[in-house]
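Source file: my_file34.txt. Holds: compact mmCIF, C-alpha atoms (C1' of nucleotides).
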# COMPACT_ATOMS: atom_id res chain seq x y z
CA MET J 1 19.91 -56.64 -41.96
CA TYR J 2 16.38 -56.58 -43.21
CA ARG J 3 15.12 -58.06 -46.38
CA ARG J 4 12.27 -56.62 -48.33
CA LYS J 5 9.58 -59.21 -48.27
CA ILE J 6 7.78 -59.31 -51.58
CA SER J 7 4.37 -60.48 -50.62
CA ASN J 8 1.21 -59.83 -52.53
CA ILE J 9 -1.10 -57.32 -51.00
CA THR J 10 -4.47 -55.94 -51.91
CA ILE J 11 -5.43 -52.30 -51.94
CA SER J 12 -8.93 -51.09 -51.25
CA THR J 13 -10.12 -47.52 -51.68
CA HIS J 14 -12.98 -45.28 -50.70
CA LYS J 15 -14.08 -41.83 -51.81
CA GLN J 16 -15.83 -39.43 -49.52
CA GLU J 17 -16.48 -35.72 -49.96
CA ASN J 18 -14.04 -35.48 -52.89
CA LEU J 19 -11.24 -37.11 -50.93
CA TYR J 20 -9.74 -40.49 -51.70
CA PHE J 21 -8.52 -42.95 -49.10
CA ALA J 22 -6.57 -46.14 -49.72
CA ALA J 23 -5.38 -48.97 -47.52
CA GLY J 24 -3.21 -52.02 -48.05
CA PHE J 25 -4.03 -55.46 -46.69
CA SER J 26 -1.77 -58.47 -46.40
CA GLU J 27 -2.78 -61.99 -47.30
CA ASN J 28 -3.81 -62.69 -43.74
CA GLY J 29 -6.31 -59.84 -43.92
CA LYS J 30 -4.44 -57.42 -41.70
CA LEU J 31 -3.95 -53.75 -42.41
CA ILE J 32 -0.37 -52.94 -43.26
CA ARG J 33 -0.64 -49.35 -44.45
CA ILE J 34 -3.14 -46.50 -44.71
CA SER J 35 -2.89 -43.51 -47.02
CA HIS J 36 -3.50 -39.92 -46.10
CA PRO J 37 -6.58 -38.31 -47.66
CA GLN J 38 -5.81 -37.28 -51.22
CA THR J 39 -7.64 -35.28 -53.84
CA ILE J 40 -6.43 -37.66 -56.54
CA LEU J 41 -7.08 -41.41 -56.37
CA GLU J 42 -3.69 -42.31 -57.83
CA ASP J 43 -1.92 -40.38 -55.08
CA ALA J 44 -3.71 -42.35 -52.40
CA ILE J 45 -2.84 -45.64 -54.07
CA SER J 46 0.77 -44.55 -54.55
CA GLU J 47 1.19 -44.03 -50.84
CA ILE J 48 0.59 -47.73 -50.42
CA SER J 49 2.26 -49.07 -53.56
CA GLU J 50 5.50 -47.17 -52.90
CA HIS J 51 6.07 -49.47 -49.99
CA HIS J 52 4.43 -52.55 -51.46
CA PRO J 53 5.05 -52.74 -55.20
CA LYS J 54 3.31 -56.09 -55.67
CA TYR J 55 -0.35 -55.33 -55.25
CA SER J 56 -3.72 -55.86 -56.78
CA MET J 57 -6.87 -53.85 -56.34
CA SER J 58 -9.72 -55.34 -54.39
CA ASN J 59 -12.97 -54.08 -52.99
CA GLU J 60 -13.27 -56.69 -50.27
CA ASN J 61 -12.11 -54.28 -47.59
CA ASN J 62 -13.80 -51.14 -48.82
CA GLY J 63 -15.90 -51.08 -45.68
CA ILE J 64 -12.84 -50.75 -43.49
CA VAL J 65 -11.50 -47.93 -45.66
CA LYS J 66 -14.86 -46.24 -45.36
CA GLU J 67 -14.56 -46.40 -41.59
CA ILE J 68 -11.19 -44.71 -41.83
CA ALA J 69 -12.68 -41.97 -43.97
CA CYS J 70 -15.44 -41.41 -41.44
CA MET J 71 -12.83 -41.12 -38.70
CA TYR J 72 -11.07 -38.48 -40.74
CA PHE J 73 -14.26 -36.47 -40.87
CA GLY J 74 -14.54 -36.56 -37.11
CA GLU J 75 -16.58 -39.63 -36.28
CA ASN J 76 -15.51 -41.28 -33.06
CA ILE J 77 -15.36 -44.87 -34.26
CA ASP J 78 -14.16 -47.68 -32.04
CA PHE J 79 -11.82 -49.10 -34.65
CA ASP J 80 -10.69 -52.69 -34.21
CA LEU J 81 -6.99 -52.26 -33.53
CA THR J 82 -6.35 -55.98 -33.85
CA LEU J 83 -6.78 -55.44 -37.58
CA LEU J 84 -3.46 -53.58 -37.61
CA GLU J 85 -0.26 -55.46 -38.34
CA THR J 86 2.00 -54.11 -35.62
CA ASP J 87 4.06 -57.23 -35.02
CA ILE J 88 7.66 -56.60 -36.00
CA ASN J 89 8.20 -60.33 -36.31
CA SER J 90 5.30 -60.96 -38.61
CA GLU J 91 6.04 -62.69 -41.86
CA TYR J 92 4.11 -59.90 -43.52
CA GLU J 93 5.98 -56.71 -44.10
CA THR J 94 4.90 -53.62 -42.28
CA SER J 95 7.72 -51.58 -43.81
CA THR J 96 7.93 -48.78 -41.26
CA ILE J 97 7.60 -50.60 -37.97
CA LYS J 98 10.83 -52.55 -37.94
CA THR J 99 12.22 -52.15 -34.44
CA SER J 100 10.74 -52.71 -31.01
CA PHE J 101 11.30 -49.03 -30.29
CA GLU J 102 9.11 -48.03 -33.21
CA GLN J 103 6.57 -50.63 -32.18
CA ASP J 104 6.46 -49.28 -28.62
CA VAL J 105 5.90 -45.75 -29.91
CA ILE J 106 3.10 -46.73 -32.29
CA LEU J 107 1.31 -48.83 -29.68
CA GLU J 108 1.55 -45.98 -27.17
CA VAL J 109 0.15 -43.45 -29.65
CA ALA J 110 -2.68 -45.87 -30.40
CA LYS J 111 -3.90 -45.43 -26.81
CA ILE J 112 -4.53 -41.69 -27.01
CA PRO J 113 -8.30 -41.17 -26.65
CA TYR J 114 -10.46 -39.29 -29.11
CA GLY J 115 -10.55 -35.57 -28.46
CA THR J 116 -7.37 -35.49 -26.37
CA VAL J 117 -3.71 -34.83 -27.11
CA LYS J 118 -0.38 -35.95 -25.72
CA THR J 119 3.08 -34.53 -26.25
CA TYR J 120 6.11 -36.24 -27.72
CA LYS J 121 7.56 -36.01 -24.25
CA ASP J 122 4.54 -37.78 -22.75
CA ILE J 123 4.99 -40.63 -25.20
CA ALA J 124 8.71 -40.82 -24.45
CA GLU J 125 8.08 -41.00 -20.71
CA SER J 126 5.43 -43.68 -21.17
CA ILE J 127 7.95 -45.93 -22.84
CA ASN J 128 10.76 -44.96 -20.46
CA THR J 129 13.12 -43.07 -22.70
CA HIS J 130 14.47 -39.54 -22.94
CA GLY J 131 14.90 -39.81 -26.68
CA TYR J 132 12.27 -37.24 -27.50
CA ARG J 133 13.54 -36.67 -30.99
CA ALA J 134 13.65 -40.37 -31.65
CA VAL J 135 10.01 -40.55 -30.60
CA GLY J 136 9.18 -37.79 -33.07
CA THR J 137 10.94 -39.67 -35.83
CA ALA J 138 9.12 -42.90 -34.99
CA VAL J 139 5.74 -41.16 -34.85
CA GLY J 140 6.52 -39.73 -38.27
CA LYS J 141 6.79 -43.26 -39.63
CA ASN J 142 3.32 -44.24 -38.51
CA PRO J 143 1.95 -46.48 -41.28
CA PHE J 144 -1.60 -46.10 -39.93
CA PRO J 145 -2.44 -42.39 -39.96
CA ILE J 146 -5.87 -41.48 -38.55
CA VAL J 147 -6.40 -44.94 -37.00
CA VAL J 148 -3.23 -44.69 -34.93
CA PRO J 149 -3.83 -41.06 -34.00
CA CYS J 150 -0.43 -39.52 -34.54
CA HIS J 151 -2.29 -36.24 -35.16
CA ARG J 152 -2.96 -36.18 -31.40
CA VAL J 153 0.75 -35.93 -30.64
CA ILE J 154 1.94 -32.36 -30.20
CA ARG J 155 4.92 -30.48 -28.86
CA SER J 156 5.42 -29.72 -25.20
CA ASP J 157 5.15 -25.99 -25.83
CA GLY J 158 1.70 -26.47 -27.32
CA GLY J 159 2.95 -26.22 -30.89
CA LEU J 160 1.42 -28.58 -33.40
CA GLY J 161 4.56 -30.41 -34.49
CA GLY J 162 4.56 -31.95 -37.95
CA PHE J 163 2.43 -34.27 -40.02
CA ARG J 164 3.52 -36.32 -43.01
CA GLY J 165 0.25 -35.82 -44.83
CA GLY J 166 0.56 -32.06 -44.47
CA ILE J 167 -0.03 -29.91 -41.43
CA ASP J 168 -3.46 -28.87 -42.72
CA VAL J 169 -4.66 -32.44 -42.43
CA LYS J 170 -3.50 -32.53 -38.81
CA ILE J 171 -5.35 -29.29 -38.12
CA ASN J 172 -8.53 -30.65 -39.72
CA LEU J 173 -8.36 -33.85 -37.73
CA LEU J 174 -7.88 -32.03 -34.43
CA THR J 175 -10.58 -29.44 -35.03
CA ASN J 176 -13.01 -32.17 -36.10
CA GLU J 177 -12.42 -33.73 -32.69
CA GLY J 178 -13.25 -30.48 -30.97
CA ILE J 179 -9.71 -29.43 -30.13
CA LYS J 180 -9.20 -25.68 -30.30
CA ILE J 181 -6.21 -24.25 -32.13
CA LYS J 182 -5.14 -20.65 -32.25
CA SER J 183 -2.17 -19.34 -34.24
CA GLY J 184 -0.52 -22.73 -34.50
CA LYS J 185 -0.95 -23.70 -30.88
CA ILE J 186 -3.27 -25.94 -28.92
CA ILE J 187 -5.45 -24.11 -26.44
CA ASP J 188 -5.98 -25.91 -23.18
C1' DG Q 189 32.07 -42.05 -36.16
C1' DA Q 190 29.10 -37.98 -37.77
C1' DT Q 191 24.66 -36.31 -39.08
C1' DT Q 192 19.90 -35.82 -38.83
C1' DG Q 193 15.23 -35.80 -36.87
C1' DA Q 194 7.22 -34.38 -36.72
C1' DC Q 195 11.68 -32.81 -29.65
C1' DG Q 196 12.59 -30.38 -24.81
C1' DC Q 197 14.58 -27.05 -21.79
C1' DC Q 198 16.83 -22.95 -20.36
C1' DG Q 199 19.01 -18.65 -20.78
C1' DA Q 200 20.28 -14.41 -23.42
C1' DG Q 201 18.76 -10.75 -26.01
C1' DC O 202 8.80 -12.86 -28.38
C1' DT O 203 12.83 -15.35 -31.10
C1' DC O 204 17.11 -17.56 -31.19
C1' DG O 205 21.01 -20.51 -29.96
C1' DG O 206 23.04 -24.09 -27.45
C1' DC O 207 22.92 -28.29 -25.17
C1' DG O 208 20.60 -32.68 -23.65
C1' DT O 209 19.25 -37.00 -25.49
C1' DC O 210 18.67 -41.33 -28.49
C1' DA O 211 17.41 -44.16 -32.65
C1' DA O 212 18.19 -44.50 -37.55
C1' DT O 213 21.03 -43.68 -41.40
C1' DC O 214 25.00 -42.58 -43.96

Would you kindly transcribe this structure into structure tokens?
Amino acid sequence: MYRRKISNITISTHKQENLYFAAGFSENGKLIRISHPQTILEDAISEISEHHPKYSMSNENNGIVKEIACMYFGENIDFDLTLLETDINSEYETSTIKTSFEQDVILEVAKIPYGTVKTYKDIAESINTHGYRAVGTAVGKNPFPIVVPCHRVIRSDGGLGGFRGGIDVKINLLTNEGIKIKSGKIID
DNA sequence: GATTGACGCCGAG
DNA sequence: CTCGGCGTCAATC
């Protein structure tokens, strides 16, 4: 059904406070994937190269990666979302946004404001489905962690839910935004 | 088909 | 409080 498009990408990195961040950019300059913060540079790069084996390193987009790092540390940056490749019909591979359902979920999560949270159920209702679990699965495929704030999506019972980069990263992100957590639950 | 998810809800202990 | 069972739906085998 789908072919793996082998297009050249570039990877840019940034180090901040002993954490490495990496991001992949397609030939048209759009972001196609962001790594989670890693303590080892190679791990950050691998998160991108696993999905896009044909890559070369470049520093032309280091500034954008730096912005992402700042967002991780709690800065409320008005990131330019048009930089994200979210078009499922693009000639450039996005690798984990392949269906319109996944696209709907990612675009809905992208709207969650800084310092607030929504539940998987909220997201499901916004896109008119009862497939709560399917929403969770799609959120888990978010290729743009931090920028598309999947860390702001929690369970209806106040539980944190999961996070691909490790639950500790989700906790850090939320607390940096001023959200209070006590024994694994969000406090209203 | 059957299974598996970063889920949600309700009811029984 | 925890657990199990069922609802629900997209992706994957």

Interatomic distance, atom CA of Gly74 of chain J to atom CA of Ala134 of chain J (Å, one decimal):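 One can read the atom CA of Gly74 of chain J to atom CA of Ala134 of chain J distance as 29.0 Å.
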
Put a box with edges along x, y and z around all the listed atoms of segment 203-210 of chain O, pad it by 5 Å on each side, then give me its centre and sizes in Å, one decimal, as JSON.
{"center_x": 17.9, "center_y": -28.3, "center_z": -27.4, "size_x": 20.2, "size_y": 36.0, "size_z": 17.5}

Would you pick out the contacts of DT209 of chain O at 10 Å or less, using only C-alpha atoms (C1' of nucleotides), so that residues sharing its chain but fewer than 4 positions from it are not included, and give the list as a list of chain:residue names?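 Neighbouring residues, sequence-local ones excluded: J:Thr129, J:His130, J:Gly131, J:Tyr132, J:Arg133, J:Ala134, Q:DC195, Q:DG196.
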
At most 12 Å from (-5.1, -39.4, -51.6), file frame, all atoms listed in the file: which residues, as a list in words? Thr13, His14, Lys15, Gln16, Asn18, Leu19, Tyr20, Phe21, Ala22, Ala23, Ile34, Ser35, His36, Pro37, Gln38, Thr39, Ile40, Leu41, Glu42, Asp43, Ala44, Ile45, Ser46, Glu47, Ile48, Ala69, Gly165, Gly166 and Val169 of chain J

Which distance in Å separates atom CA of Gly161 of chain J and atom CA of Asn128 of chain J, to one decimal?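 One can read the atom CA of Gly161 of chain J to atom CA of Asn128 of chain J distance as 21.1 Å.
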
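Between atom CA of Ala110 of chain J and atom CA of Pro149 of chain J there is a distance of 6.1 Å.
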
Give the residues of chain O that lie within 10 Å of chain J; count all atoms listed in the file, and format the answer as a ChimeraX atom specification. /O:208-212

Counting all atoms listed in the file, the residue of J:Val117, J:Met71, J:Ile127, J:Asn89 that sits nearest Asp104 of chain J: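 Among the listed residues, the smallest separation from Asp104 of chain J belongs to J:Ile127.
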
Go through J:Asp78, J:Glu60, J:Glu17, J:Asp188 one by one, measure the shortest atom-to-atom distance of each to Lys111 of chain J using all atoms listed in the file, and give the residue with the smallest value.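 With all atoms listed in the file as the atom set, the closest residue is J:Asp78.
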
Using all atoms listed in the file, determine which residues lie at most 12 Å from Ile106 of chain J, disregarding the query and same-chain residues fewer than 3 positions distant; provide the list as a CSV table (one decimal) with C-alpha atoms, in the coordinates of the input.
chain,number,residue,atom,x,y,z
J,81,LEU,CA,-7.0,-52.3,-33.5
J,84,LEU,CA,-3.5,-53.6,-37.6
J,85,GLU,CA,-0.3,-55.5,-38.3
J,86,THR,CA,2.0,-54.1,-35.6
J,87,ASP,CA,4.1,-57.2,-35.0
J,88,ILE,CA,7.7,-56.6,-36.0
J,96,THR,CA,7.9,-48.8,-41.3
J,97,ILE,CA,7.6,-50.6,-38.0
J,98,LYS,CA,10.8,-52.6,-37.9
J,99,THR,CA,12.2,-52.2,-34.4
J,100,SER,CA,10.7,-52.7,-31.0
J,101,PHE,CA,11.3,-49.0,-30.3
J,102,GLU,CA,9.1,-48.0,-33.2
J,103,GLN,CA,6.6,-50.6,-32.2
J,109,VAL,CA,0.2,-43.4,-29.6
J,110,ALA,CA,-2.7,-45.9,-30.4
J,111,LYS,CA,-3.9,-45.4,-26.8
J,112,ILE,CA,-4.5,-41.7,-27.0
J,120,TYR,CA,6.1,-36.2,-27.7
J,123,ILE,CA,5.0,-40.6,-25.2
J,124,ALA,CA,8.7,-40.8,-24.4
J,126,SER,CA,5.4,-43.7,-21.2
J,127,ILE,CA,8.0,-45.9,-22.8
J,135,VAL,CA,10.0,-40.6,-30.6
J,136,GLY,CA,9.2,-37.8,-33.1
J,137,THR,CA,10.9,-39.7,-35.8
J,138,ALA,CA,9.1,-42.9,-35.0
J,139,VAL,CA,5.7,-41.2,-34.8
J,140,GLY,CA,6.5,-39.7,-38.3
J,141,LYS,CA,6.8,-43.3,-39.6
J,142,ASN,CA,3.3,-44.2,-38.5
J,143,PRO,CA,2.0,-46.5,-41.3
J,144,PHE,CA,-1.6,-46.1,-39.9
J,145,PRO,CA,-2.4,-42.4,-40.0
J,147,VAL,CA,-6.4,-44.9,-37.0
J,148,VAL,CA,-3.2,-44.7,-34.9
J,149,PRO,CA,-3.8,-41.1,-34.0
J,150,CYS,CA,-0.4,-39.5,-34.5
J,153,VAL,CA,0.8,-35.9,-30.6

Excluding DC198 of chain Q and any residue of its chain fewer than 4 positions from it, enumerate the residues within 12 Å of it, using all atoms listed in the file, and give them as a list of chain:residue names.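 With the cut-off at 12 Å, the set is O:DG205, O:DG206, O:DC207, O:DG208.
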